[in-house]
Amino acid sequence: MNDSPAPATLTTAPRVRFAPSPTGFFHVGSARTALYNWLYAEANGGTFILRIEDTDEERGRQEWLDGIIEALHWLSLEPFEGPYRQSERQGLYEQALSRLFEEGWLYGCNCSRDEVVERTRHNKIPGYDGKCRDLGLPREGNALRFRIPTGGTTTVHDLVRGDVEFPHDAMEDFVVAKSNGNPLFILANVVDDIDMNMTHVIRGEDLLPSTPKGILLWQALEGSGACLPAFAHLPMLVNEKRQKLSKRRDPVSLDTFREQGFLPEAMVNYLALLGWSDPQGRELLSRAELVGSFSIDRVNHAPAFFDVAKLTHMNGEHIRALDAERFAGVALDWLRTADVPWEWADFDMGLFSGMVPLVIERVTTLGEVVPMVDFLFTKNVVFDEDSLERVRRETAAAAVLRQARSRYETCAWSAGELHQVTQEIAEAEGMKLGRAQAPVRVAITGRRVGPPLFDSMALLARDVVLSRLDALIAVLGS
Ligand code: GLU
């Protein structure tokens, strides 16, 4: 009894939705849900809809709504329809509530939350005890609860988890509208899924417990033979300790990754693998390859480890898949939004382009580009303290720098020649090239480590290099 029918075989193009509530920053889990819906629509000639579930006025904020739209835009997951906003569709929920109330599916309840807790604390079945079920309280001024059928089971036929059964005896009569008449999430969600002809509900596993309630509401609104959408509940995301990702503990805000210089295509690639795997076992996938091979039947129900190290590695791979010109463009766009240590008036595109081949092989995020190129555009090199300290401890540093100063003044200005000359200085001092090179690198870039020194140095004008050597010689002398 009341066992929900399996979804009818799909004969029309799928309609799927991403239905976030704008209640905070955009979470990587939300991005994964949006992506799976988008991929499913793309792969099956369907429609991807964006619906903003903003019925909770107190919590919804415009900036969070903007954040959702921007995040989807950044990931190139543009909705084919929408955004629809639930706050603009209240009339529809009102109609559904009136109908359900008149037909006896809903009843008025005036119990406060505290009363319910107090009354039911020793009950075997948690939740509301049905006190107002048969009191015939009016709609106005009361919360509305859904009358769960006695006996029977609602089965969620989940494409990821198989059949999940929810015995009605263990379900409480849940609230669908507050006493001020405002509909709750579960009601608006189902009314919209019906109204928008959703064929699939693909969303996080945290929503699975509300799905049997949604199915009962759906059947109350559409009749027990209603054609339900297919459900797919995506696996939870966990950290390395197998704990559910938490805002406080884990890096979960999509913006943080964007700010650190992750590429959207790497993010999309990595998010796709959080629960799904490619039938050919590939990990590095372009968007077109994802669309070509994505299917719900390869989504696993086991929790997916959100591995920042793996994401970072993958980002490096996507960076290296760009050609130099494209990388320069992408990096520059990103740098313009970042906090950089140079004045943009001093920026030189020619120098930057010259540096690109040296940098592209060595970074995993665009953020790592900054300390590799800043020496090109900063007027006065700022010495990293630790690096300077090491130079001070190198007894031969001043001698090396002075010799470099004199040889660089006249040598041919190329990476090969600078290398050769520095090699000779090292030999004269009886040291390895690396050791001789270290103080020169600090003079030119401010740091002990960085991209290949002689290629980097050759990009700068001779007089700039000489004056930087002078500056460090002066610091060591003081
Ligand atoms: N608005 C719900 C949430 O953000 C999601 C609803 C759904 O996907 O069905 O948790």
# chains A, B, ... in the order shown; residues from 1 in each chain; ligands from 1
$ residues_near_ligand --ligand "ligand 1" --cutoff "9 Å" --atoms "only C-alpha atoms and all ligand atoms" --output "list in words"
Arg17, Phe18, Ala19, Pro20, Ser21, Pro22, Thr23, Ser30, Thr33, Arg51, Ile52, Glu53, Asp54, Phe185, Ile186, Asn189, Val190, Asp193, Val201, Ile202, Arg203, Gly204, Asp206, Leu207 and Thr211 of chain A
$ residues_around --residues "stretch 393-407 of chain A" --least-positions-apart "6" --cutoff "9 Å" --atoms "only C-alpha atoms" --output "PyMOL selection string"
chain A and resi 418+421-422+425-426+429+435-440+443+465-467+469-470+472-473+476-477
$ residues_around --residues "stretch 214-221 of chain A" --least-positions-apart "3" --cutoff "10 Å" --atoms "only C-alpha atoms" --output "JSON, numbers by chain"
{"A": [2, 3, 4, 96, 97, 99, 100, 103, 104, 105, 106, 146, 147, 148, 149, 154, 155, 156, 176, 186, 187, 188, 189, 190, 191, 193, 194, 208, 209, 210, 211, 224, 225, 226, 227, 228, 229]}
$ closest_atom_pairs --of "stretch 171-260 of chain A" --to "stretch 299-308 of chain A" --cutoff "8 Å" --atoms "only C-alpha atoms" --output "CSV"
residue,atom,partner,partner_atom,distance
A:Leu234,CA,A:His301,CA,6.7
A:Pro235,CA,A:His301,CA,5.0
A:Met236,CA,A:Pro303,CA,4.9
A:Leu237,CA,A:Ala304,CA,4.9
A:Val238,CA,A:Phe305,CA,4.9
A:Asn239,CA,A:Phe305,CA,5.7
A:Glu240,CA,A:Phe305,CA,6.5
A:Arg242,CA,A:Phe305,CA,7.2
$ write_last_selection --atoms "C-alpha atoms" --output "short mmCIF file (atom, residue, chain, number, x, y, z; two decimals), in the first residue's frame"
data_model
loop_
_atom_site.label_atom_id
_atom_site.label_comp_id
_atom_site.auth_asym_id
_atom_site.auth_seq_id
_atom_site.Cartn_x
_atom_site.Cartn_y
_atom_site.Cartn_z
CA LEU A 234 24.64 12.04 -4.87
CA PRO A 235 27.18 10.77 -2.35
CA MET A 236 28.31 12.88 0.52
CA LEU A 237 31.65 14.70 0.27
CA VAL A 238 34.10 13.90 3.06
CA ASN A 239 37.56 15.06 4.19
CA GLU A 240 40.64 12.87 4.64
CA ARG A 242 36.09 10.55 6.32
#
$ closest_residue --among "A:Gly45, A:Gly329, A:Gly354, A:Pro212" --to "A:Val291" --atoms "only C-alpha atoms"
A:Gly45
$ residues_around --residues "A:Val175" --least-positions-apart "4" --cutoff "8 Å" --atoms "only C-alpha atoms" --output "PDB file with N, CA, C and O atoms, in the first residue's frame"
ATOM      1  N   ALA A 143      -0.074  26.382  11.983  1.00  0.00           N
ATOM      2  CA  ALA A 143       0.844  25.707  11.056  1.00  0.00           C
ATOM      3  C   ALA A 143       0.049  24.600  10.366  1.00  0.00           C
ATOM      4  O   ALA A 143      -0.974  24.146  10.886  1.00  0.00           O
ATOM      5  N   LEU A 144       0.504  24.203   9.188  1.00  0.00           N
ATOM      6  CA  LEU A 144      -0.174  23.104   8.484  1.00  0.00           C
ATOM      7  C   LEU A 144       0.739  21.896   8.434  1.00  0.00           C
ATOM      8  O   LEU A 144       1.924  22.008   8.071  1.00  0.00           O
ATOM      9  N   ARG A 145       0.150  20.751   8.816  1.00  0.00           N
ATOM     10  CA  ARG A 145       0.925  19.507   8.775  1.00  0.00           C
ATOM     11  C   ARG A 145       0.325  18.545   7.764  1.00  0.00           C
ATOM     12  O   ARG A 145      -0.889  18.525   7.535  1.00  0.00           O
ATOM     13  N   PHE A 146       1.185  17.725   7.197  1.00  0.00           N
ATOM     14  CA  PHE A 146       0.736  16.717   6.242  1.00  0.00           C
ATOM     15  C   PHE A 146       0.403  15.438   7.008  1.00  0.00           C
ATOM     16  O   PHE A 146       1.165  14.990   7.856  1.00  0.00           O
ATOM     17  N   LEU A 184       6.786  25.942   3.506  1.00  0.00           N
ATOM     18  CA  LEU A 184       8.147  25.499   3.804  1.00  0.00           C
ATOM     19  C   LEU A 184       8.769  24.873   2.560  1.00  0.00           C
ATOM     20  O   LEU A 184       8.085  24.559   1.577  1.00  0.00           O
TER      21      LEU A 184
END
$ select_by_dssp --residues "stretch 126-278 of chain A" --states "alpha helix (DSSP H)" --output "VMD selection string"
chain A and resid 185 to 195 211 to 222 254 to 259 264 to 272
$ atom_distance --atom1 "atom CA of A:Thr337" --atom2 "atom CA of A:Ala31"
21.6 Å
$ select_by_dssp --residues "stretch 109-296 of chain A" --states "strand (DSSP E)" --output "count of residues only"
32
$ residues_around --residues "A:Pro279" --least-positions-apart "3" --cutoff "10 Å" --atoms "only C-alpha atoms" --output "count of residues only"
6
